[in-house]
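**Q** I'd like to ask some things about the structure below.
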Amino acid sequence: GTRFRPLSFEVPKPLFPVAGVPMVQHHIEACAKVPGMKEILLMGFYQPNEALSRFLVSAQQEFKVPIRYLQEYAALGTGGGIYHFRDQILSGGAEAFFVLNADVCSEFPLQEMLEFRQQHGDMHSFVILGTTANRTQALNYGCIVANASTQEVQHYVEKPSTFVSEIINCGIYLFTPAIFQHIGEVFQRNQQELALEENSNGWQRAEVIRLEQDVFTALAGSGKLYVYKTDGFWSQIKSAGSAIYASRLYLNQYSKSHPERLAQNKPGGPVIRGNVYIHPTASIDSTAVLGPNVSIGEGVTVGAGVRVRESIVLHGASLHDHTCVLNTIVGWDSTIGRWARVEGTPSDPNPNDPYAKIDSETLFRDGRLTPSITILGCSVTIPAEVVILNSIVLPHKELSRSYKNQIIL
């Protein structure tokens with residue numbers, strides 16, 4: 001979660017709330033809906049902490065499926081982790097399993113992928129979820145060339161230097177236990193190469209395996225790998241700014257999947273425009289105007305005449321009277337003084353291009369901070385009547401004046 005700082009200082013990135021619930025809960029919800037789902041394993045290099053344990057306990061109760069966290073002893077890459085824990089994955093005689101990257105937001109068409117696999121290929125084939133990107137942005141992803149009639153993957157290139165295909169890898173896969181044989185071959189090859197290299201720190205590096213470059217590239221064209229193309233929404237959540245865009249996609253979906261999570265206009269309540277999530281414990285003045293695309297966390301206080309748009313306000317934050325918050329993530333327990341204006345620049349995909357994806361924006365361009373979402377870390381205090389524009393404020397700062405296009409350390 002380095003690109004997710006300063007927010008990933010407080011919680012592991014997968015637990016960051018998007019559209020009111022932890023990012024990875026959207027994944028778990030989708031998995032729990034698949035008939036016959038026996039177990040959900042979270043894998044990562046995070047030191048498990050109290051927040052993660054609490055989340056696992058509550059998610060197990062809510063979704064009635066066993067959920068465990070498996071910690072890697074080193075960052076093993078996208079393939080190394082599942083290979084290292086292959087015995088855990090296969091215990092209980094799994095006939096197939098999904099692998100989902102935590103930093104994507106999607107409709108997760110898992111059931112459709114299962115049905116697709118039954119229609120195409122055999123029960124031993126693997127399926128990648130793919131989606132269409134525009135030609136220039138496709139270069140930032142894994143590109144898939146498939147047979148138009150069978151959808152068999154014939155060629156796979158991770159982040160090519162020239163145009164290969166508009167179909168990109170969504171980081172959501174359906175595997176059978178046979179995948180471990182292919183990952184095992186990469187592991188043996190790595191070991192042999194390391195044995196030839198003098199004085200390398202051996203075993204640890206052989207275990208680092210990338211599913212995309214090491215496994216899919218070799219499997220393409222072998223008749224074992226297929227792509228299921230989705231027209232549903234999909235986006236990566238790499239930077240904090242992309243969390244606001246992901247929040248919009250999920251809030252949109254709530255009208256179908258979770259209408260109870262969307263706030264409604266009620267007499268004596270705040271003015272709601274578009275899709276807004278408000279935690280039941282938040283206290284919001286009836287003269288406030290919220291939305292579209294706003295998510296208000298636990299115990300948040302919103303004063304009179306406050307305007308919030310395209311923003312995520314995290315638990316315990318307090319927005320005093322007449323503040324204006326636009327394109328901003330307000331950190332936990334932060335306070336924004338009266339009549340202050342906190343605003344960022346959205347990094348949304350081009351709305352006129354149906355296949356546009358969010359650009360993984362670089363923090364700096366030509367030595368200057370790229371204008372982007374404003375982020376307040378946890379426990380930041382903004383004084384009354386100041387303007388904070390396109391800035392990133394690290395945790396526990398007490399500002400005394402206005403700032404523009406700055407990282408405040």
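Simple scheme: letters A, B, ... for chains in structure tokens order, numbers from 1 for residues in each chain, numbers from 1 for ligands in the order shown.
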Within 12 Å of A:Leu52, counting only C-alpha atoms, which residues show up once you throw out same-chain ones fewer than 2 positions away? Write them as a ChimeraX atom specification, please.
**A** /A:10-16,22,24-25,42-44,46-50,54-59,67-71
**Q** Might you pull out every residue within 7 Å of stretch 306-319 of chain A, with only C-alpha atoms counted and same-chain residues fewer than 4 positions away left off, and present them as an NGL selection string?
**A** :A and (244 or 288-302 or 323-337)
**Q** Restricting the calculation to only C-alpha atoms: of A:Leu409, A:Val215, A:Ile388, A:Cys105, which residue gets closest to A:Ala243?
**A** A:Cys105
**Q** What is the distance, in Å and to one decimal place, between atom CA of A:Arg5 and atom CA of A:Pro17?
**A**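 Answer for the atom CA of A:Arg5 to atom CA of A:Pro17 separation: 14.4 Å.
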**Q** Of the candidates A:Ile183, A:Ile168, A:Ile373, A:Cys31, which one gets nearest to A:Val208 if we count only C-alpha atoms?
**A**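 Distance minimum relative to A:Val208 lands on A:Ile183.
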**Q** Write out as number ranges by chain each polymer residue whose atoms come within 7 Å of A:Gln406, counting only C-alpha atoms; drop sequence neighbours fewer than 4 positions from it.
**A** A: 369, 391-392
**Q** Between atom CA of A:Gln264 and atom CA of A:Asn252, what is the distance, to one decimal in Å?
**A**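 So the two atoms, atom CA of A:Gln264 and atom CA of A:Asn252, lie 14.1 Å apart.
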**Q** Identify all residues of stretch 282-366 of chain A in strand (DSSP E or B) (DSSP on the backbone) and supply them as a PDB file with all heavy atoms, in the first residue's frame.
**A**
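Dumped to states.pdb:
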```
ATOM      1  N   SER A 283     -23.798  11.649  12.828  1.00  0.00           N
ATOM      2  CA  SER A 283     -24.782  12.675  13.190  1.00  0.00           C
ATOM      3  C   SER A 283     -24.665  13.813  12.177  1.00  0.00           C
ATOM      4  O   SER A 283     -23.605  14.438  12.053  1.00  0.00           O
ATOM      5  CB  SER A 283     -24.497  13.132  14.618  1.00  0.00           C
ATOM      6  OG  SER A 283     -24.598  14.509  14.719  1.00  0.00           O
ATOM      7  N   ILE A 284     -25.753  14.056  11.426  1.00  0.00           N
ATOM      8  CA  ILE A 284     -25.687  14.981  10.296  1.00  0.00           C
ATOM      9  C   ILE A 284     -26.777  16.038  10.412  1.00  0.00           C
ATOM     10  O   ILE A 284     -27.953  15.714  10.581  1.00  0.00           O
ATOM     11  CB  ILE A 284     -25.807  14.193   8.973  1.00  0.00           C
ATOM     12  CG1 ILE A 284     -24.566  13.317   8.889  1.00  0.00           C
ATOM     13  CG2 ILE A 284     -25.879  15.126   7.777  1.00  0.00           C
ATOM     14  CD1 ILE A 284     -24.472  12.408   7.783  1.00  0.00           C
ATOM     15  N   VAL A 289     -25.816  19.372   2.824  1.00  0.00           N
ATOM     16  CA  VAL A 289     -26.125  18.827   1.495  1.00  0.00           C
ATOM     17  C   VAL A 289     -25.016  17.833   1.134  1.00  0.00           C
ATOM     18  O   VAL A 289     -23.842  18.207   1.071  1.00  0.00           O
ATOM     19  CB  VAL A 289     -26.212  19.948   0.433  1.00  0.00           C
ATOM     20  CG1 VAL A 289     -26.541  19.353  -0.936  1.00  0.00           C
ATOM     21  CG2 VAL A 289     -27.244  20.979   0.834  1.00  0.00           C
ATOM     22  N   LEU A 290     -25.401  16.577   0.902  1.00  0.00           N
ATOM     23  CA  LEU A 290     -24.412  15.515   0.647  1.00  0.00           C
ATOM     24  C   LEU A 290     -24.658  14.877  -0.711  1.00  0.00           C
ATOM     25  O   LEU A 290     -25.790  14.597  -1.071  1.00  0.00           O
ATOM     26  CB  LEU A 290     -24.517  14.417   1.711  1.00  0.00           C
ATOM     27  CG  LEU A 290     -24.477  14.832   3.185  1.00  0.00           C
ATOM     28  CD1 LEU A 290     -24.630  13.599   4.072  1.00  0.00           C
ATOM     29  CD2 LEU A 290     -23.183  15.538   3.514  1.00  0.00           C
ATOM     30  N   VAL A 294     -20.835  10.141  -2.017  1.00  0.00           N
ATOM     31  CA  VAL A 294     -20.279  10.469  -0.702  1.00  0.00           C
ATOM     32  C   VAL A 294     -20.469   9.265   0.210  1.00  0.00           C
ATOM     33  O   VAL A 294     -21.498   8.599   0.171  1.00  0.00           O
ATOM     34  CB  VAL A 294     -20.978  11.715  -0.117  1.00  0.00           C
ATOM     35  CG1 VAL A 294     -20.645  11.883   1.365  1.00  0.00           C
ATOM     36  CG2 VAL A 294     -20.571  12.954  -0.891  1.00  0.00           C
ATOM     37  N   SER A 295     -19.441   8.991   1.002  1.00  0.00           N
ATOM     38  CA  SER A 295     -19.523   7.908   1.975  1.00  0.00           C
ATOM     39  C   SER A 295     -19.123   8.470   3.332  1.00  0.00           C
ATOM     40  O   SER A 295     -18.029   9.019   3.472  1.00  0.00           O
ATOM     41  CB  SER A 295     -18.579   6.798   1.521  1.00  0.00           C
ATOM     42  OG  SER A 295     -18.460   5.837   2.505  1.00  0.00           O
ATOM     43  N   ILE A 296     -20.044   8.384   4.308  1.00  0.00           N
ATOM     44  CA  ILE A 296     -19.822   8.963   5.640  1.00  0.00           C
ATOM     45  C   ILE A 296     -19.675   7.817   6.629  1.00  0.00           C
ATOM     46  O   ILE A 296     -20.566   6.982   6.756  1.00  0.00           O
ATOM     47  CB  ILE A 296     -21.030   9.846   6.048  1.00  0.00           C
ATOM     48  CG1 ILE A 296     -21.288  10.948   5.013  1.00  0.00           C
ATOM     49  CG2 ILE A 296     -20.848  10.410   7.458  1.00  0.00           C
ATOM     50  CD1 ILE A 296     -20.420  12.154   5.112  1.00  0.00           C
ATOM     51  N   THR A 301     -19.410  13.583  12.536  1.00  0.00           N
ATOM     52  CA  THR A 301     -20.316  14.702  12.830  1.00  0.00           C
ATOM     53  C   THR A 301     -20.249  15.700  11.678  1.00  0.00           C
ATOM     54  O   THR A 301     -19.152  16.119  11.285  1.00  0.00           O
ATOM     55  CB  THR A 301     -19.872  15.434  14.115  1.00  0.00           C
ATOM     56  OG1 THR A 301     -19.555  14.453  15.098  1.00  0.00           O
ATOM     57  CG2 THR A 301     -20.958  16.346  14.635  1.00  0.00           C
ATOM     58  N   VAL A 302     -21.404  16.044  11.133  1.00  0.00           N
ATOM     59  CA  VAL A 302     -21.468  17.009  10.033  1.00  0.00           C
ATOM     60  C   VAL A 302     -22.357  18.168  10.490  1.00  0.00           C
ATOM     61  O   VAL A 302     -23.522  17.964  10.844  1.00  0.00           O
ATOM     62  CB  VAL A 302     -22.036  16.359   8.752  1.00  0.00           C
ATOM     63  CG1 VAL A 302     -22.203  17.384   7.650  1.00  0.00           C
ATOM     64  CG2 VAL A 302     -21.107  15.234   8.277  1.00  0.00           C
ATOM     65  N   ARG A 307     -21.339  21.264   2.860  1.00  0.00           N
ATOM     66  CA  ARG A 307     -21.513  20.679   1.526  1.00  0.00           C
ATOM     67  C   ARG A 307     -20.419  19.656   1.306  1.00  0.00           C
ATOM     68  O   ARG A 307     -19.233  19.979   1.397  1.00  0.00           O
ATOM     69  CB  ARG A 307     -21.431  21.794   0.465  1.00  0.00           C
ATOM     70  CG  ARG A 307     -21.562  21.312  -0.979  1.00  0.00           C
ATOM     71  CD  ARG A 307     -23.010  20.910  -1.271  1.00  0.00           C
ATOM     72  NE  ARG A 307     -23.202  20.483  -2.665  1.00  0.00           N
ATOM     73  CZ  ARG A 307     -23.281  19.202  -3.031  1.00  0.00           C
ATOM     74  NH1 ARG A 307     -23.150  18.229  -2.143  1.00  0.00           N
ATOM     75  NH2 ARG A 307     -23.510  18.899  -4.292  1.00  0.00           N
ATOM     76  N   VAL A 308     -20.811  18.397   1.013  1.00  0.00           N
ATOM     77  CA  VAL A 308     -19.820  17.350   0.736  1.00  0.00           C
ATOM     78  C   VAL A 308     -20.166  16.703  -0.598  1.00  0.00           C
ATOM     79  O   VAL A 308     -21.324  16.344  -0.834  1.00  0.00           O
ATOM     80  CB  VAL A 308     -19.823  16.254   1.837  1.00  0.00           C
ATOM     81  CG1 VAL A 308     -18.706  15.245   1.579  1.00  0.00           C
ATOM     82  CG2 VAL A 308     -19.657  16.859   3.216  1.00  0.00           C
ATOM     83  N   ARG A 309     -19.162  16.568  -1.469  1.00  0.00           N
ATOM     84  CA  ARG A 309     -19.406  15.956  -2.781  1.00  0.00           C
ATOM     85  C   ARG A 309     -18.199  15.116  -3.175  1.00  0.00           C
ATOM     86  O   ARG A 309     -17.061  15.509  -2.921  1.00  0.00           O
ATOM     87  CB  ARG A 309     -19.624  17.078  -3.809  1.00  0.00           C
ATOM     88  CG  ARG A 309     -20.189  16.583  -5.125  1.00  0.00           C
ATOM     89  CD  ARG A 309     -20.480  17.723  -6.074  1.00  0.00           C
ATOM     90  NE  ARG A 309     -19.266  18.207  -6.706  1.00  0.00           N
ATOM     91  CZ  ARG A 309     -19.053  19.477  -7.053  1.00  0.00           C
ATOM     92  NH1 ARG A 309     -19.956  20.397  -6.798  1.00  0.00           N
ATOM     93  NH2 ARG A 309     -17.930  19.830  -7.640  1.00  0.00           N
ATOM     94  N   SER A 311     -16.632  12.467  -2.074  1.00  0.00           N
ATOM     95  CA  SER A 311     -15.658  12.361  -0.987  1.00  0.00           C
ATOM     96  C   SER A 311     -15.940  11.169  -0.090  1.00  0.00           C
ATOM     97  O   SER A 311     -17.051  10.648  -0.054  1.00  0.00           O
ATOM     98  CB  SER A 311     -15.673  13.641  -0.133  1.00  0.00           C
ATOM     99  OG  SER A 311     -15.276  14.749  -0.908  1.00  0.00           O
ATOM    100  N   ILE A 312     -14.897  10.761   0.646  1.00  0.00           N
ATOM    101  CA  ILE A 312     -15.031   9.723   1.663  1.00  0.00           C
ATOM    102  C   ILE A 312     -14.641  10.362   2.996  1.00  0.00           C
ATOM    103  O   ILE A 312     -13.543  10.917   3.121  1.00  0.00           O
ATOM    104  CB  ILE A 312     -14.094   8.523   1.362  1.00  0.00           C
ATOM    105  CG1 ILE A 312     -14.508   7.836   0.051  1.00  0.00           C
ATOM    106  CG2 ILE A 312     -14.096   7.515   2.504  1.00  0.00           C
ATOM    107  CD1 ILE A 312     -13.561   6.724  -0.415  1.00  0.00           C
ATOM    108  N   VAL A 313     -15.557  10.296   3.968  1.00  0.00           N
ATOM    109  CA  VAL A 313     -15.273  10.861   5.293  1.00  0.00           C
ATOM    110  C   VAL A 313     -15.185   9.683   6.261  1.00  0.00           C
ATOM    111  O   VAL A 313     -16.163   8.959   6.458  1.00  0.00           O
ATOM    112  CB  VAL A 313     -16.384  11.854   5.721  1.00  0.00           C
ATOM    113  CG1 VAL A 313     -16.033  12.482   7.071  1.00  0.00           C
ATOM    114  CG2 VAL A 313     -16.570  12.930   4.661  1.00  0.00           C
ATOM    115  N   SER A 318     -14.914  15.181  11.979  1.00  0.00           N
ATOM    116  CA  SER A 318     -15.901  16.189  12.336  1.00  0.00           C
ATOM    117  C   SER A 318     -15.798  17.357  11.350  1.00  0.00           C
ATOM    118  O   SER A 318     -14.719  17.940  11.189  1.00  0.00           O
ATOM    119  CB  SER A 318     -15.601  16.612  13.767  1.00  0.00           C
ATOM    120  OG  SER A 318     -16.279  17.773  14.063  1.00  0.00           O
ATOM    121  N   LEU A 319     -16.906  17.652  10.659  1.00  0.00           N
ATOM    122  CA  LEU A 319     -16.931  18.766   9.701  1.00  0.00           C
ATOM    123  C   LEU A 319     -17.775  19.870  10.345  1.00  0.00           C
ATOM    124  O   LEU A 319     -18.983  19.716  10.499  1.00  0.00           O
ATOM    125  CB  LEU A 319     -17.554  18.329   8.373  1.00  0.00           C
ATOM    126  CG  LEU A 319     -17.049  17.012   7.741  1.00  0.00           C
ATOM    127  CD1 LEU A 319     -17.693  16.805   6.372  1.00  0.00           C
ATOM    128  CD2 LEU A 319     -15.539  17.005   7.594  1.00  0.00           C
ATOM    129  N   CYS A 324     -16.889  23.161   3.208  1.00  0.00           N
ATOM    130  CA  CYS A 324     -17.146  22.628   1.869  1.00  0.00           C
ATOM    131  C   CYS A 324     -16.051  21.603   1.573  1.00  0.00           C
ATOM    132  O   CYS A 324     -14.868  21.931   1.628  1.00  0.00           O
ATOM    133  CB  CYS A 324     -17.106  23.778   0.874  1.00  0.00           C
ATOM    134  SG  CYS A 324     -17.404  23.247  -0.796  1.00  0.00           S
ATOM    135  N   VAL A 325     -16.451  20.359   1.314  1.00  0.00           N
ATOM    136  CA  VAL A 325     -15.486  19.278   1.098  1.00  0.00           C
ATOM    137  C   VAL A 325     -15.772  18.636  -0.261  1.00  0.00           C
ATOM    138  O   VAL A 325     -16.837  18.049  -0.462  1.00  0.00           O
ATOM    139  CB  VAL A 325     -15.605  18.222   2.227  1.00  0.00           C
ATOM    140  CG1 VAL A 325     -14.671  17.040   1.961  1.00  0.00           C
ATOM    141  CG2 VAL A 325     -15.294  18.845   3.586  1.00  0.00           C
ATOM    142  N   LEU A 326     -14.823  18.757  -1.205  1.00  0.00           N
ATOM    143  CA  LEU A 326     -15.033  18.240  -2.565  1.00  0.00           C
ATOM    144  C   LEU A 326     -13.827  17.386  -2.974  1.00  0.00           C
ATOM    145  O   LEU A 326     -12.681  17.801  -2.769  1.00  0.00           O
ATOM    146  CB  LEU A 326     -15.160  19.397  -3.570  1.00  0.00           C
ATOM    147  CG  LEU A 326     -16.104  20.552  -3.207  1.00  0.00           C
ATOM    148  CD1 LEU A 326     -15.963  21.674  -4.223  1.00  0.00           C
ATOM    149  CD2 LEU A 326     -17.537  20.083  -3.155  1.00  0.00           C
ATOM    150  N   THR A 328     -12.301  14.727  -1.844  1.00  0.00           N
ATOM    151  CA  THR A 328     -11.364  14.640  -0.721  1.00  0.00           C
ATOM    152  C   THR A 328     -11.610  13.366   0.076  1.00  0.00           C
ATOM    153  O   THR A 328     -12.740  12.895   0.169  1.00  0.00           O
ATOM    154  CB  THR A 328     -11.564  15.868   0.214  1.00  0.00           C
ATOM    155  OG1 THR A 328     -11.188  17.044  -0.496  1.00  0.00           O
ATOM    156  CG2 THR A 328     -10.731  15.778   1.481  1.00  0.00           C
ATOM    157  N   ILE A 329     -10.529  12.827   0.653  1.00  0.00           N
ATOM    158  CA  ILE A 329     -10.682  11.778   1.663  1.00  0.00           C
ATOM    159  C   ILE A 329     -10.306  12.410   2.997  1.00  0.00           C
ATOM    160  O   ILE A 329      -9.181  12.897   3.163  1.00  0.00           O
ATOM    161  CB  ILE A 329      -9.789  10.562   1.369  1.00  0.00           C
ATOM    162  CG1 ILE A 329     -10.247   9.893   0.057  1.00  0.00           C
ATOM    163  CG2 ILE A 329      -9.849   9.553   2.513  1.00  0.00           C
ATOM    164  CD1 ILE A 329      -9.430   8.697  -0.375  1.00  0.00           C
ATOM    165  N   VAL A 330     -11.263  12.440   3.914  1.00  0.00           N
ATOM    166  CA  VAL A 330     -11.031  13.033   5.235  1.00  0.00           C
ATOM    167  C   VAL A 330     -10.693  11.893   6.192  1.00  0.00           C
ATOM    168  O   VAL A 330     -11.509  10.999   6.407  1.00  0.00           O
ATOM    169  CB  VAL A 330     -12.285  13.795   5.731  1.00  0.00           C
ATOM    170  CG1 VAL A 330     -12.036  14.398   7.112  1.00  0.00           C
ATOM    171  CG2 VAL A 330     -12.681  14.880   4.735  1.00  0.00           C
ATOM    172  N   THR A 335     -10.517  16.946  11.907  1.00  0.00           N
ATOM    173  CA  THR A 335     -11.480  18.028  12.160  1.00  0.00           C
ATOM    174  C   THR A 335     -11.276  19.127  11.131  1.00  0.00           C
ATOM    175  O   THR A 335     -10.135  19.545  10.875  1.00  0.00           O
ATOM    176  CB  THR A 335     -11.239  18.629  13.564  1.00  0.00           C
ATOM    177  OG1 THR A 335     -11.245  17.561  14.510  1.00  0.00           O
ATOM    178  CG2 THR A 335     -12.317  19.624  13.925  1.00  0.00           C
ATOM    179  N   ILE A 336     -12.372  19.573  10.523  1.00  0.00           N
ATOM    180  CA  ILE A 336     -12.293  20.693   9.569  1.00  0.00           C
ATOM    181  C   ILE A 336     -13.087  21.846  10.173  1.00  0.00           C
ATOM    182  O   ILE A 336     -14.268  21.707  10.485  1.00  0.00           O
ATOM    183  CB  ILE A 336     -12.854  20.284   8.199  1.00  0.00           C
ATOM    184  CG1 ILE A 336     -12.048  19.099   7.639  1.00  0.00           C
ATOM    185  CG2 ILE A 336     -12.807  21.459   7.227  1.00  0.00           C
ATOM    186  CD1 ILE A 336     -12.495  18.607   6.290  1.00  0.00           C
ATOM    187  N   ARG A 341     -12.604  25.375   3.282  1.00  0.00           N
ATOM    188  CA  ARG A 341     -12.893  24.689   2.023  1.00  0.00           C
ATOM    189  C   ARG A 341     -11.739  23.721   1.754  1.00  0.00           C
ATOM    190  O   ARG A 341     -10.575  24.135   1.703  1.00  0.00           O
ATOM    191  CB  ARG A 341     -13.008  25.716   0.890  1.00  0.00           C
ATOM    192  CG  ARG A 341     -13.352  25.094  -0.457  1.00  0.00           C
ATOM    193  CD  ARG A 341     -13.382  26.183  -1.529  1.00  0.00           C
ATOM    194  NE  ARG A 341     -13.759  25.638  -2.813  1.00  0.00           N
ATOM    195  CZ  ARG A 341     -14.996  25.597  -3.297  1.00  0.00           C
ATOM    196  NH1 ARG A 341     -16.000  26.075  -2.578  1.00  0.00           N
ATOM    197  NH2 ARG A 341     -15.241  25.097  -4.479  1.00  0.00           N
ATOM    198  N   VAL A 342     -12.073  22.452   1.609  1.00  0.00           N
ATOM    199  CA  VAL A 342     -11.051  21.433   1.340  1.00  0.00           C
ATOM    200  C   VAL A 342     -11.417  20.774   0.016  1.00  0.00           C
ATOM    201  O   VAL A 342     -12.482  20.185  -0.114  1.00  0.00           O
ATOM    202  CB  VAL A 342     -11.015  20.392   2.483  1.00  0.00           C
ATOM    203  CG1 VAL A 342      -9.945  19.348   2.203  1.00  0.00           C
ATOM    204  CG2 VAL A 342     -10.754  21.068   3.820  1.00  0.00           C
ATOM    205  N   GLU A 343     -10.532  20.914  -0.962  1.00  0.00           N
ATOM    206  CA  GLU A 343     -10.919  20.476  -2.314  1.00  0.00           C
ATOM    207  C   GLU A 343      -9.750  19.807  -3.024  1.00  0.00           C
ATOM    208  O   GLU A 343      -8.593  20.190  -2.862  1.00  0.00           O
ATOM    209  CB  GLU A 343     -11.383  21.705  -3.117  1.00  0.00           C
ATOM    210  CG  GLU A 343     -11.942  21.333  -4.469  1.00  0.00           C
ATOM    211  CD  GLU A 343     -12.500  22.551  -5.228  1.00  0.00           C
ATOM    212  OE1 GLU A 343     -12.604  23.646  -4.656  1.00  0.00           O
ATOM    213  OE2 GLU A 343     -12.815  22.371  -6.416  1.00  0.00           O
ATOM    214  N   PHE A 364       4.249  12.901  -8.852  1.00  0.00           N
ATOM    215  CA  PHE A 364       4.918  14.105  -9.352  1.00  0.00           C
ATOM    216  C   PHE A 364       5.024  14.056 -10.862  1.00  0.00           C
ATOM    217  O   PHE A 364       5.187  13.001 -11.449  1.00  0.00           O
ATOM    218  CB  PHE A 364       6.335  14.214  -8.770  1.00  0.00           C
ATOM    219  CG  PHE A 364       6.340  14.407  -7.291  1.00  0.00           C
ATOM    220  CD1 PHE A 364       6.471  13.323  -6.440  1.00  0.00           C
ATOM    221  CD2 PHE A 364       6.190  15.670  -6.738  1.00  0.00           C
ATOM    222  CE1 PHE A 364       6.462  13.490  -5.068  1.00  0.00           C
ATOM    223  CE2 PHE A 364       6.187  15.852  -5.367  1.00  0.00           C
ATOM    224  CZ  PHE A 364       6.322  14.768  -4.534  1.00  0.00           C
ATOM    225  N   ARG A 365       4.955  15.221 -11.495  1.00  0.00           N
ATOM    226  CA  ARG A 365       5.212  15.314 -12.931  1.00  0.00           C
ATOM    227  C   ARG A 365       6.064  16.563 -13.133  1.00  0.00           C
ATOM    228  O   ARG A 365       5.712  17.636 -12.647  1.00  0.00           O
ATOM    229  CB  ARG A 365       3.890  15.410 -13.699  1.00  0.00           C
ATOM    230  CG  ARG A 365       4.063  15.096 -15.170  1.00  0.00           C
ATOM    231  CD  ARG A 365       2.721  14.883 -15.856  1.00  0.00           C
ATOM    232  NE  ARG A 365       2.050  13.673 -15.411  1.00  0.00           N
ATOM    233  CZ  ARG A 365       0.735  13.592 -15.204  1.00  0.00           C
ATOM    234  NH1 ARG A 365      -0.037  14.638 -15.405  1.00  0.00           N
ATOM    235  NH2 ARG A 365       0.184  12.464 -14.795  1.00  0.00           N
TER     236      ARG A 365
END
```
**Q** Would you compute the distance between atom CA of A:Trp339 and atom CA of A:Gly305? Give it in Å to one decimal.
**A** 9.4 Å
**Q** Using only C-alpha atoms, which residue out of A:Ala206, A:Leu251, A:Ala304, A:Ala102 lies closest to A:Pro270?
**A**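 So, comparing all the options, the nearest one is A:Ala304.
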